[in-house]
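> Could you have a look at this structure, given as structure tokens, before my questions?
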Amino acid sequence: MRKQSLSRTCAALAAVTSLALAATACGGTTKEDVENEDAAAATAGKADPDAPTKKGLTVGFLPKQVNNPYFTVADKGGEKALKELGSDYKEVGPSSGTDTAGQVSYVNTLTQQQVDAMAVSAQDPGALCTALKQAMKNGVKVVTYDSDTNPECRNAFVSQASADALGRTQVRLLAEQIGNKGEIAILSAAQTATNQNAWIEIMKDELKDPKYKDIELVEVAYGDDDAQKSFQQTQGLLQEHPGLKGIISPTTVGIKAAAQYLSGSKYKGKVKLTGLGTPNDMRKYVKNGTVEAFELWDPAKLGELAARTAVALASGQITGKEGETFEAGAMGEYTIGKDGVIDLGEPTVFDAENIDRYDF
């Protein structure tokens with residue numbers, strides 16, 4: 001599979017493994033009923049890779065949270081791709097990153113509006129399942145991006161990169177910065193966030209490696225992708241753990257808030273911070289010495305690939321089965337992996353040397 005990567009990718013990435021969440025029943029009366037229903041949904045129709053790309057489709061984007069800078073960039077990428085493909089874009093979503101009931105309501109609204117496809121970043125792996133299954137039953141193609149549902153509740157998942165790569169490389173970045181020794185903490189988003197939890201489990205697994213024997217994970221805190229709460233959680237971590245040497249924040253809102261706190265405190269340059277952030281959010285903190293290096297993928301490309309996947313599904317070019325391939329414009333050809341997962345590519349490390357080359 002060809003994937004365009006940004007210029008500087010993480011060194012020594014672990015072998016890519018797709019984010020495959022445990023498939024749990026989201027509806028139905030018996031396990032057999034659910035399995036039969038899911039199998040029917042997964043095999044409905046047959047892929048025709050040579051089918052023409054349909055125009056005039058409507059694709060609804062439902063991010064975890066509207067007006068979140070990360071999702072603004074991602075969804076703009078989707079909007080641009082849909083315009084190029086001759087289809088229509090619309091965005092709906094809750095103002096809070098933890099309003100799962102709101103997300104369910106928006107899924108139902110998009111279904112009632114008879115959109116052709118929807119791209120959803122799920123706040124919770126199971127909460128949207130009933131609504132998403134109903135959408136698929138009504139002929140709506142469902143793509144998740146950024147944060148997945150249970151696999152049976154959508155047609156395909158566009159992953160930022162493999163969960164394994166993202167989880168392990170964040171640990172490696174911080175370990176290098178603290179000299180493989182000391183107490184560390186994780187500042188996450190919501191406790192139910194699928195992607196966050198997958199990465200954190202892999203971080204914990206990475207820390208079992210004997211080379212990290214002198215590193216201790218003392219706490220996982222949750223800022224709910226809220227800037228003020230994340231700022232306060234950073235302050236609380238440092239008060240609770242005065243010997244803390246580093247923080248990993250695998251969320252763009254969290255890492256920015258943590259950097260803001262650290263840059264104005266006595267801990268600036270002493271407590272290391274890394275995680276997932278955008279260059280535009282983090283530039284000043286890299287330049288003033290608060291942050292050495294962090295990583296991310298290009299969110300605009302993530303949104304673009306989600307849009308192109310949605311159109312390919314609605315056009316019948318793919319169904320979401322493992323092994324199917326499709327063309328994603330200038331991004332190249334992508335192959336669908338296990339459980340309908342499509343990996344965007346490898347994350348990029350940003351530091352003082354290269355950060356000015358990026359604008360998102």
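By order in the structure tokens, chains are A, B, ...; within a chain, residues start at 1; ligands start at 1, following the order shown.
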I'd like the contact shell of Thr144 in chain A - 9 Å cut-off, only C-alpha atoms, skipping same-chain residues fewer than 2 positions apart - returned as an MDAnalysis selection string.
chainID A and resid 118:122 142 146:149 154:159 306
> Would you give me, as a PyMOL selection string, the residues in range 115-340 of chain A that DSSP reads as helix (DSSP H, G or I)?
chain A and resi 129-137+151-153+163-177+194-206+210-212+227-240+252-263+279-287+299-314+329-331+338-340
> Go through range 212-268 of chain A and flag each residue having an atom no more than 7 Å from range 181-196 of chain A; for those, report the closest pair of atoms plus their distance in Å to one decimal, using only C-alpha atoms, ordered by chain and rising number, as JSON lines.

```
{"residue": "A:Asp214", "atom": "CA", "partner": "A:Lys181", "partner_atom": "CA", "distance": 4.8}
{"residue": "A:Ile215", "atom": "CA", "partner": "A:Lys181", "partner_atom": "CA", "distance": 4.9}
{"residue": "A:Glu216", "atom": "CA", "partner": "A:Glu183", "partner_atom": "CA", "distance": 4.8}
{"residue": "A:Leu217", "atom": "CA", "partner": "A:Ile184", "partner_atom": "CA", "distance": 4.9}
{"residue": "A:Val218", "atom": "CA", "partner": "A:Ala185", "partner_atom": "CA", "distance": 5.7}
{"residue": "A:Glu219", "atom": "CA", "partner": "A:Ala185", "partner_atom": "CA", "distance": 5.0}
{"residue": "A:Val220", "atom": "CA", "partner": "A:Ile186", "partner_atom": "CA", "distance": 4.7}
{"residue": "A:Ala221", "atom": "CA", "partner": "A:Leu187", "partner_atom": "CA", "distance": 4.9}
{"residue": "A:Tyr222", "atom": "CA", "partner": "A:Ser188", "partner_atom": "CA", "distance": 4.8}
{"residue": "A:Gly223", "atom": "CA", "partner": "A:Ala189", "partner_atom": "CA", "distance": 5.1}
{"residue": "A:Asp224", "atom": "CA", "partner": "A:Ala190", "partner_atom": "CA", "distance": 4.2}
{"residue": "A:Asp225", "atom": "CA", "partner": "A:Ala189", "partner_atom": "CA", "distance": 4.8}
{"residue": "A:Gly243", "atom": "CA", "partner": "A:Glu183", "partner_atom": "CA", "distance": 6.7}
{"residue": "A:Leu244", "atom": "CA", "partner": "A:Glu183", "partner_atom": "CA", "distance": 4.9}
{"residue": "A:Lys245", "atom": "CA", "partner": "A:Glu183", "partner_atom": "CA", "distance": 5.5}
{"residue": "A:Gly246", "atom": "CA", "partner": "A:Ile184", "partner_atom": "CA", "distance": 4.8}
{"residue": "A:Ile247", "atom": "CA", "partner": "A:Ala185", "partner_atom": "CA", "distance": 4.9}
{"residue": "A:Ile248", "atom": "CA", "partner": "A:Ile186", "partner_atom": "CA", "distance": 4.8}
{"residue": "A:Ser249", "atom": "CA", "partner": "A:Leu187", "partner_atom": "CA", "distance": 4.6}
{"residue": "A:Pro250", "atom": "CA", "partner": "A:Ser188", "partner_atom": "CA", "distance": 6.1}
{"residue": "A:Thr251", "atom": "CA", "partner": "A:Ala189", "partner_atom": "CA", "distance": 6.3}
{"residue": "A:Gly254", "atom": "CA", "partner": "A:Leu187", "partner_atom": "CA", "distance": 6.6}
```
> Show me a table, sorted first by chain and then by increasing residue number, of the residues of range 243-346 of chain A having an atom at most 8 Å from range 60-82 of chain A, each with its shortest atom pair and the distance in Å to one decimal, counting only C-alpha atoms and written as CSV.

```
residue,atom,partner,partner_atom,distance
A:Thr252,CA,A:Tyr70,CA,6.9
A:Thr278,CA,A:Tyr70,CA,7.5
A:Pro299,CA,A:Ala74,CA,4.6
A:Ala300,CA,A:Gly77,CA,4.2
A:Lys301,CA,A:Gly77,CA,6.1
A:Leu302,CA,A:Ala74,CA,6.2
A:Gly303,CA,A:Gly78,CA,4.4
A:Glu304,CA,A:Gly78,CA,4.2
A:Leu305,CA,A:Gly78,CA,7.3
A:Ala306,CA,A:Gly78,CA,6.7
A:Ala307,CA,A:Gly78,CA,5.0
A:Arg308,CA,A:Ala81,CA,6.9
```
> Store the residues of this selection in a file with N, CA, C and O atoms, as a compact mmCIF listing (two decimals), in the first residue's frame.

```
# COMPACT_ATOMS: atom_id res chain seq x y z
N THR A 252 -4.42 16.63 21.46
CA THR A 252 -3.96 17.97 21.07
C THR A 252 -4.38 19.05 22.06
O THR A 252 -3.64 19.99 22.30
N THR A 278 -0.53 19.71 17.41
CA THR A 278 -0.37 20.30 16.09
C THR A 278 0.78 21.30 16.12
O THR A 278 1.00 21.97 17.13
N PRO A 299 -3.73 16.06 10.32
CA PRO A 299 -5.17 15.85 10.48
C PRO A 299 -5.97 16.16 9.22
O PRO A 299 -7.01 15.55 9.00
N ALA A 300 -5.49 17.10 8.40
CA ALA A 300 -6.19 17.40 7.15
C ALA A 300 -6.19 16.17 6.23
O ALA A 300 -7.19 15.88 5.56
N LYS A 301 -5.08 15.44 6.22
CA LYS A 301 -5.00 14.22 5.41
C LYS A 301 -5.92 13.14 5.99
O LYS A 301 -6.50 12.33 5.25
N LEU A 302 -6.03 13.10 7.31
CA LEU A 302 -6.93 12.13 7.95
C LEU A 302 -8.37 12.40 7.52
O LEU A 302 -9.10 11.47 7.15
N GLY A 303 -8.77 13.68 7.56
CA GLY A 303 -10.13 14.02 7.14
C GLY A 303 -10.35 13.74 5.66
O GLY A 303 -11.42 13.28 5.25
N GLU A 304 -9.31 14.02 4.86
CA GLU A 304 -9.41 13.76 3.43
C GLU A 304 -9.60 12.27 3.16
O GLU A 304 -10.47 11.87 2.35
N LEU A 305 -8.82 11.44 3.85
CA LEU A 305 -8.94 10.00 3.61
C LEU A 305 -10.28 9.48 4.10
O LEU A 305 -10.87 8.59 3.48
N ALA A 306 -10.81 10.04 5.18
CA ALA A 306 -12.14 9.64 5.66
C ALA A 306 -13.19 9.97 4.61
O ALA A 306 -14.09 9.16 4.33
N ALA A 307 -13.09 11.15 4.00
CA ALA A 307 -14.06 11.55 2.97
C ALA A 307 -13.95 10.65 1.75
O ALA A 307 -14.96 10.20 1.19
N ARG A 308 -12.73 10.39 1.31
CA ARG A 308 -12.53 9.56 0.12
C ARG A 308 -12.98 8.12 0.38
O ARG A 308 -13.50 7.45 -0.53
```
> What does the distance from CA of Cys153 in chain A to CA of Gly337 in chain A come to in Å, to one decimal?
16.2 Å
> Rounded to one decimal in Å, what is the spacing between CA of Thr348 in chain A and CA of Tyr261 in chain A?
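Pair CA of Thr348 in chain A / CA of Tyr261 in chain A returns 24.4 Å.
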> For the structure I just gave you, how does DSSP split range 54-155 of chain A - specifically, which residues are strand (DSSP E or B)? Reply as a ChimeraX atom specification.
/A:58-62,88-91,117-120,141-145
> Take the residues just selected and output them with N, CA and C atoms as a PDB file, in the first residue's frame.

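Output below, filename result_19.pdb:
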```
ATOM      1  N   THR A  58     -23.987  13.277  -0.401  1.00  0.00           N
ATOM      2  CA  THR A  58     -23.883  14.109   0.798  1.00  0.00           C
ATOM      3  C   THR A  58     -23.214  13.294   1.894  1.00  0.00           C
ATOM      4  N   VAL A  59     -22.105  13.798   2.399  1.00  0.00           N
ATOM      5  CA  VAL A  59     -21.361  13.123   3.465  1.00  0.00           C
ATOM      6  C   VAL A  59     -21.361  14.018   4.703  1.00  0.00           C
ATOM      7  N   GLY A  60     -21.871  13.496   5.794  1.00  0.00           N
ATOM      8  CA  GLY A  60     -21.904  14.243   7.047  1.00  0.00           C
ATOM      9  C   GLY A  60     -20.707  13.903   7.906  1.00  0.00           C
ATOM     10  N   PHE A  61     -20.012  14.913   8.396  1.00  0.00           N
ATOM     11  CA  PHE A  61     -18.899  14.721   9.330  1.00  0.00           C
ATOM     12  C   PHE A  61     -19.382  14.994  10.743  1.00  0.00           C
ATOM     13  N   LEU A  62     -19.123  14.038  11.644  1.00  0.00           N
ATOM     14  CA  LEU A  62     -19.519  14.154  13.042  1.00  0.00           C
ATOM     15  C   LEU A  62     -18.283  13.955  13.915  1.00  0.00           C
ATOM     16  N   ASP A  88     -21.186  16.782  -1.627  1.00  0.00           N
ATOM     17  CA  ASP A  88     -21.482  17.824  -0.636  1.00  0.00           C
ATOM     18  C   ASP A  88     -21.040  17.413   0.761  1.00  0.00           C
ATOM     19  N   TYR A  89     -20.602  18.402   1.501  1.00  0.00           N
ATOM     20  CA  TYR A  89     -20.086  18.213   2.865  1.00  0.00           C
ATOM     21  C   TYR A  89     -20.989  18.931   3.855  1.00  0.00           C
ATOM     22  N   LYS A  90     -21.192  18.291   4.993  1.00  0.00           N
ATOM     23  CA  LYS A  90     -21.846  18.991   6.090  1.00  0.00           C
ATOM     24  C   LYS A  90     -21.215  18.513   7.392  1.00  0.00           C
ATOM     25  N   GLU A  91     -21.160  19.392   8.377  1.00  0.00           N
ATOM     26  CA  GLU A  91     -20.594  19.033   9.674  1.00  0.00           C
ATOM     27  C   GLU A  91     -21.609  19.317  10.770  1.00  0.00           C
ATOM     28  N   ALA A 117     -23.482   9.057   3.335  1.00  0.00           N
ATOM     29  CA  ALA A 117     -22.446   8.491   4.196  1.00  0.00           C
ATOM     30  C   ALA A 117     -22.172   9.454   5.336  1.00  0.00           C
ATOM     31  N   MET A 118     -21.599   8.924   6.386  1.00  0.00           N
ATOM     32  CA  MET A 118     -21.176   9.778   7.498  1.00  0.00           C
ATOM     33  C   MET A 118     -19.807   9.345   7.975  1.00  0.00           C
ATOM     34  N   ALA A 119     -19.012  10.335   8.390  1.00  0.00           N
ATOM     35  CA  ALA A 119     -17.690  10.090   8.969  1.00  0.00           C
ATOM     36  C   ALA A 119     -17.759  10.526  10.423  1.00  0.00           C
ATOM     37  N   VAL A 120     -17.505   9.602  11.331  1.00  0.00           N
ATOM     38  CA  VAL A 120     -17.740   9.828  12.759  1.00  0.00           C
ATOM     39  C   VAL A 120     -16.474   9.567  13.561  1.00  0.00           C
ATOM     40  N   LYS A 141     -23.592   4.713   4.483  1.00  0.00           N
ATOM     41  CA  LYS A 141     -22.265   4.147   4.690  1.00  0.00           C
ATOM     42  C   LYS A 141     -21.609   4.865   5.867  1.00  0.00           C
ATOM     43  N   VAL A 142     -21.019   4.106   6.767  1.00  0.00           N
ATOM     44  CA  VAL A 142     -20.458   4.678   8.003  1.00  0.00           C
ATOM     45  C   VAL A 142     -18.952   4.448   8.050  1.00  0.00           C
ATOM     46  N   VAL A 143     -18.231   5.559   8.122  1.00  0.00           N
ATOM     47  CA  VAL A 143     -16.784   5.539   8.301  1.00  0.00           C
ATOM     48  C   VAL A 143     -16.479   6.181   9.643  1.00  0.00           C
ATOM     49  N   THR A 144     -15.648   5.535  10.443  1.00  0.00           N
ATOM     50  CA  THR A 144     -15.143   6.209  11.629  1.00  0.00           C
ATOM     51  C   THR A 144     -13.727   6.699  11.319  1.00  0.00           C
ATOM     52  N   TYR A 145     -13.350   7.791  11.949  1.00  0.00           N
ATOM     53  CA  TYR A 145     -12.004   8.333  11.765  1.00  0.00           C
ATOM     54  C   TYR A 145     -11.532   8.881  13.095  1.00  0.00           C
TER      55      TYR A 145
END
```
> Can you tell me which residues surround range 266-274 of chain A at a distance of at most 8 Å, considering only C-alpha atoms, apart from same-chain residues fewer than 5 positions away, and format the answer as a PyMOL selection string?
chain A and resi 170+173-174+177-178+244-249+255+258-259+289-295
> Store the residues picked out above in a file with C-alpha atoms, as a compact mmCIF listing (two decimals), in the first residue's frame.

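This is the output file out37.txt:
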```txt
# COMPACT_ATOMS: atom_id res chain seq x y z
CA GLN A 170 5.30 8.48 22.47
CA LEU A 173 10.17 10.13 22.81
CA LEU A 174 9.67 10.84 26.51
CA GLN A 177 14.15 13.11 26.98
CA ILE A 178 14.28 12.00 30.64
CA LEU A 244 7.60 13.96 38.25
CA LYS A 245 10.05 13.96 35.35
CA GLY A 246 7.73 13.84 32.35
CA ILE A 247 4.20 13.88 30.96
CA ILE A 248 2.75 12.23 27.86
CA SER A 249 -0.45 13.83 26.57
CA ILE A 255 -0.66 18.77 25.33
CA ALA A 258 -0.01 21.22 29.71
CA ALA A 259 2.58 23.22 27.76
CA GLY A 289 12.15 25.52 25.47
CA THR A 290 9.07 24.09 27.18
CA VAL A 291 8.79 21.15 24.76
CA GLU A 292 11.63 19.34 22.99
CA ALA A 293 9.68 17.14 20.60
CA PHE A 294 6.17 15.79 20.02
CA GLU A 295 4.40 13.98 17.21
```
